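Worksheet: one structure, shown below.
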Amino acid sequence: MVFEGSSAAISHTGKVRSNNQDSGYAGSNLFVVADGMGGHAGGDVASSLAVARLEGLDHAYATTAEAERELQQAISEAAADLIEMVRERPELAGMGTTVSALVMVDDYAVIAHIGDSRIYLYRDGQLTQITTDHTFVQRLVESGRITEEEARYHPRRSVLMRVLGDMSADPEVDTFIMATQDGDRWLLCSDGLSGVVDDAHTAKSLGLGMPPGRTADALLKQALDGGAPDNVTVVIVDVGGQHPVVSGTPTIVGSASNPVGVAVPAARSGRGGWLHPNRQAANEPTHFEPAAEFLEELIEEDRRRARRRRIGWIVGLVVVLALLAAAVIGAYAWTQTRYFIGADDDTVVIFRGIQQNIGPISLSTPHEDTGILLDDLPSFDRSTVEETISASSLVNAEAIVDRLRETAEAQR
């Protein structure tokens, strides 16, 4: 059966990139986001080829197993297309693309994913990331070496561990099937959105109940307001709900929407990139799939960063502890400049310090036992001494003691 719901797709170059290497597709049953990489035109070609290969899957399926099988086959064929394209156009060597695809079959969503574009599900007010990023930093998160928040700002956050490219005819693609229900909102996006707009703001926009087109516009605006350093592609799919499909015509956005194909510049002379033997210099690409030796260097770099972070924490802790110790020593030294008069068993004593304790630690010590018996003092003076009498200095304390001594002698 044909999927019953509504959808929208939008793509934007962003505020930094000179061209749009993303592609997006929203049809009757098929929805795709592909984020290309690999040089000034390589990314355009890769994402366009991937969407072109997947377009043929936009039809009804008898079973979810059939849809999953065709998704896997089409993505493998897309990898073969990329390899063949590079064979014909060696200046495109090193190009690749992420692919996040969704096929609706009855009450199920069949998902295929490779790379760091994402698929989210918004259901009952909760936003859940359904796909897992195939990135270097995601491995660090899964191993507990960094947090999700640290991953958002990690300097190697765009290094892909898996990608649909021209170097493997058998890409490792995640595929799975999920039950869906009326009211669900599915979001497919490139990291131009997820890397700028956090999940809380994304969920808020999806929860406003606007039609898919207006919601996609709102999310794009947030990415642009956040600087949009990369291409931004958004595909939104509503299951059932209040926004019926207006047209059965698929919406194709980004580089795949170019009807005449992508213009490929002539190959540059000189040495290729060190991650690929013939890789063309990129227009500051945000992604690449590292060679094995470079991955080891990245891991060692992260270890060095972790060591520096631990050393920084240790040095900071030592500094804080030293400051606390200095403050405690300074405070204690100040207390030892103070004096008060008190009682010790049956006599009047001059104490050095203050009349307070910190747990079991006393902040005062006996300075001089005056020999004045408490029993020799009038009841008022005795109670005053037992409650302690503060003195501004040792001289002041001795003067108070002299007055108490005179009182005791007169009492006798």
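Simple scheme: letters A, B, ... for chains in structure tokens order, numbers from 1 for residues in each chain, numbers from 1 for ligands in the order shown.
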Open item on the list: If we count only C-alpha atoms and set the cut-off at 12 Å, which residues sit around A:Ser393, ignoring sequence neighbours fewer than 5 positions away in its own chain? Please answer as a ChimeraX atom specification.
Closed with: /A:335-341,350-354,398-400
Task: Expected answer as a PyMOL selection string: helix (DSSP H, G or I) residues in stretch 17-161 of chain A - done: chain A and resi 42-57+64-88+90-92+136-142+148-152
Open item on the list: Between atom CA of A:Gly316 and atom CA of A:Ile146, what is the distance in Å, rounded to a tenth?
Closed with: 19.4 Å
- [ ] Considering only C-alpha atoms, return as an MDAnalysis selection string whatever protein or nucleic-acid residues lie within 12 Å of A:Met210, sequence-local ones (same chain, fewer than 3 positions apart) excluded.
- [x] chainID A and resid 6:8 185 204:207 213:219 236 238 241:243
Export N, CA and C atoms of the chosen residues as a tab-separated table (two decimals), in the first residue's frame?
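Now in out06.tsv:
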```
chain	number	residue	atom	x	y	z
A	6	SER	N	2.18	12.87	5.17
A	6	SER	CA	2.64	14.05	4.46
A	6	SER	C	4.12	14.22	4.71
A	7	SER	N	4.78	14.99	3.85
A	7	SER	CA	6.23	15.13	3.96
A	7	SER	C	6.68	16.44	3.32
A	8	ALA	N	7.94	16.76	3.60
A	8	ALA	CA	8.55	17.96	3.01
A	8	ALA	C	10.06	17.76	3.00
A	185	ARG	N	6.33	11.72	13.88
A	185	ARG	CA	7.05	12.61	12.95
A	185	ARG	C	8.46	12.08	12.82
A	204	LYS	N	11.38	20.98	20.09
A	204	LYS	CA	10.41	22.06	20.26
A	204	LYS	C	9.77	22.43	18.93
A	205	SER	N	10.57	22.52	17.88
A	205	SER	CA	10.03	22.86	16.55
A	205	SER	C	9.11	21.76	16.04
A	206	LEU	N	9.52	20.51	16.22
A	206	LEU	CA	8.69	19.39	15.74
A	206	LEU	C	7.38	19.30	16.51
A	207	GLY	N	7.39	19.76	17.76
A	207	GLY	CA	6.20	19.66	18.60
A	207	GLY	C	5.20	20.78	18.44
A	213	GLY	N	6.28	21.31	5.80
A	213	GLY	CA	7.03	22.35	5.09
A	213	GLY	C	7.42	23.51	6.00
A	214	ARG	N	6.48	23.99	6.82
A	214	ARG	CA	6.77	25.09	7.73
A	214	ARG	C	7.73	24.65	8.82
A	215	THR	N	7.61	23.40	9.27
A	215	THR	CA	8.53	22.90	10.28
A	215	THR	C	9.95	22.81	9.74
A	216	ALA	N	10.09	22.34	8.50
A	216	ALA	CA	11.41	22.27	7.88
A	216	ALA	C	12.01	23.66	7.72
A	217	ASP	N	11.17	24.64	7.33
A	217	ASP	CA	11.65	26.02	7.22
A	217	ASP	C	12.14	26.55	8.57
A	218	ALA	N	11.40	26.22	9.64
A	218	ALA	CA	11.78	26.70	10.97
A	218	ALA	C	13.11	26.10	11.41
A	219	LEU	N	13.30	24.81	11.15
A	219	LEU	CA	14.57	24.17	11.52
A	219	LEU	C	15.73	24.74	10.71
A	236	ILE	N	11.15	15.90	6.43
A	236	ILE	CA	10.20	15.59	7.51
A	236	ILE	C	9.08	14.74	6.96
A	238	ASP	N	5.45	12.95	8.19
A	238	ASP	CA	4.38	12.77	9.17
A	238	ASP	C	3.59	11.51	8.83
A	241	GLY	N	-2.09	11.82	10.72
A	241	GLY	CA	-2.13	13.18	11.23
A	241	GLY	C	-3.01	14.10	10.44
A	242	GLN	N	-2.83	15.41	10.69
A	242	GLN	CA	-3.76	16.41	10.17
A	242	GLN	C	-3.31	17.05	8.86
A	243	HIS	N	-2.15	16.66	8.32
A	243	HIS	CA	-1.63	17.32	7.12
A	243	HIS	C	-1.62	16.32	5.96
```
Open item on the list: Using only C-alpha atoms, which protein or nucleic acid residues come within 8 Å of A:Asp369? Drop anything in the same chain fewer than 6 positions from it, and give the result as a ChimeraX atom specification.
Closed with: /A:347-350
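Put simply, atom CA of A:Met85 is 16.3 Å away from atom CA of A:Ser255.
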TODO: For A:Asn258, please output as a PyMOL selection string all residues within 12 Å (counting only C-alpha atoms; exclusion window: fewer than 5 positions along the same chain).
DONE: chain A and resi 20-24+44-45+47-49+51-52+252-253+263
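Closest approach to A:Ala46 among A:Ala80, A:Ile111, A:Ala391, A:Val196 is made by A:Ala80 (distances from only C-alpha atoms).
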Open item on the list: Based on the backbone DSSP call, show me all residues of stretch 78-194 of chain A assigned strand (DSSP E or B), as JSON, numbers by chain.
Closed with: {"A": [96, 97, 99, 100, 101, 102, 103, 104, 105, 108, 109, 110, 111, 112, 113, 114, 118, 119, 120, 121, 122, 123, 126, 127, 128, 129, 135, 159, 160, 164, 165, 174, 175, 176, 177, 178, 179, 185, 186, 187, 188, 189]}
Would you export the selected residues with C-alpha atoms as a compact mmCIF listing (two decimals), in the first residue's frame, please?
```
# COMPACT_ATOMS: atom_id res chain seq x y z
CA GLY A 96 31.69 9.68 -0.98
CA THR A 97 28.36 10.30 0.67
CA VAL A 99 22.97 7.85 3.18
CA SER A 100 20.03 7.83 5.59
CA ALA A 101 16.95 6.34 3.95
CA LEU A 102 13.45 5.51 5.15
CA VAL A 103 10.87 3.36 3.32
CA MET A 104 7.32 3.24 4.69
CA VAL A 105 5.63 -0.17 4.44
CA TYR A 108 6.45 0.00 9.60
CA ALA A 109 9.49 2.08 8.75
CA VAL A 110 12.35 0.28 7.00
CA ILE A 111 15.61 2.14 7.65
CA ALA A 112 19.05 2.04 6.02
CA HIS A 113 21.92 4.16 7.28
CA ILE A 114 25.63 4.78 6.72
CA ARG A 118 20.65 11.19 11.14
CA ILE A 119 17.12 9.85 11.44
CA TYR A 120 15.05 10.98 14.42
CA LEU A 121 11.59 9.93 15.61
CA TYR A 122 9.35 12.45 17.39
CA ARG A 123 6.60 10.59 19.24
CA GLN A 126 9.81 12.88 22.88
CA LEU A 127 12.61 13.10 20.30
CA THR A 128 14.74 9.98 19.83
CA GLN A 129 17.78 9.58 17.59
CA THR A 135 32.08 8.59 13.34
CA VAL A 159 35.82 11.99 10.74
CA LEU A 160 33.68 9.15 9.35
CA LEU A 164 29.34 5.14 0.87
CA GLY A 165 32.35 5.83 -1.33
CA ASP A 174 22.91 -0.50 9.13
CA THR A 175 19.38 -1.71 8.27
CA PHE A 176 16.48 -2.32 10.64
CA ILE A 177 12.70 -2.19 10.83
CA MET A 178 10.58 -0.21 13.32
CA ALA A 179 6.87 -0.07 13.96
CA ARG A 185 7.05 12.61 12.95
CA TRP A 186 10.21 11.34 11.31
CA LEU A 187 13.12 13.71 10.72
CA LEU A 188 15.97 12.92 8.34
CA CYS A 189 18.77 15.50 8.29
```
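Using only C-alpha atoms for every distance, the candidate list A:Thr249, A:Ser117, A:Thr132, A:Thr98 yields A:Thr98 as the residue closest to A:Ala78.
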Do you know which residues are at most 7 Å from A:Met95 counting only C-alpha atoms, after dropping those on the same chain fewer than 3 positions away, and could you put them as a compact mmCIF listing (two decimals) with N, CA and C atoms, in the first residue's frame?
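New file out10.txt:
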```
# COMPACT_ATOMS: atom_id res chain seq x y z
N MET A 37 30.69 14.33 0.06
CA MET A 37 32.01 14.82 0.48
C MET A 37 33.02 14.44 -0.59
N GLY A 38 34.17 15.13 -0.56
CA GLY A 38 35.27 14.69 -1.42
C GLY A 38 35.66 15.66 -2.50
N GLY A 39 35.75 16.93 -2.19
CA GLY A 39 36.23 17.87 -3.19
C GLY A 39 35.16 18.81 -3.67
N GLY A 42 33.06 16.55 -6.10
CA GLY A 42 32.91 15.14 -5.79
C GLY A 42 31.72 14.85 -4.90
N GLY A 43 31.51 15.67 -3.88
CA GLY A 43 30.39 15.45 -2.98
C GLY A 43 29.06 15.61 -3.67
N ALA A 46 28.50 12.42 -5.68
CA ALA A 46 28.25 11.23 -4.86
C ALA A 46 26.83 11.22 -4.29
N LEU A 92 37.63 12.72 -9.58
CA LEU A 92 36.65 12.62 -8.49
C LEU A 92 37.05 11.60 -7.43
N GLY A 165 31.33 5.16 -0.53
CA GLY A 165 32.35 5.83 -1.33
C GLY A 165 32.86 4.98 -2.47
N ASP A 166 33.96 5.45 -3.05
CA ASP A 166 34.51 4.79 -4.24
C ASP A 166 35.61 3.79 -3.89
```
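Proximity to A:Thr63 was assessed for A:Glu142, A:Asp230, A:Asp107, A:Asp35 counting only C-alpha atoms; the smallest distance is recorded for A:Asp107.
By chain and then residue number, the residues within 6 Å of A:Ala26 are Ala9, Phe31, Pro250 and Thr251 of chain A, counting only C-alpha atoms and disregarding those fewer than 3 positions away in sequence.
Between atom CA of A:Arg405 and atom CA of A:Thr370 there is a distance of 8.7 Å.
In terms of minimum interatomic distance to A:Lys15, A:Lys221 ranks closest within A:Lys221, A:Arg310, A:Arg382, A:Arg145, counting only C-alpha atoms.
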TODO: Find, counting only C-alpha atoms, the residue in A:Gly125, A:Gly56, A:Gly240, A:Pro229 that gets nearest to A:Gly14.
DONE: A:Pro229
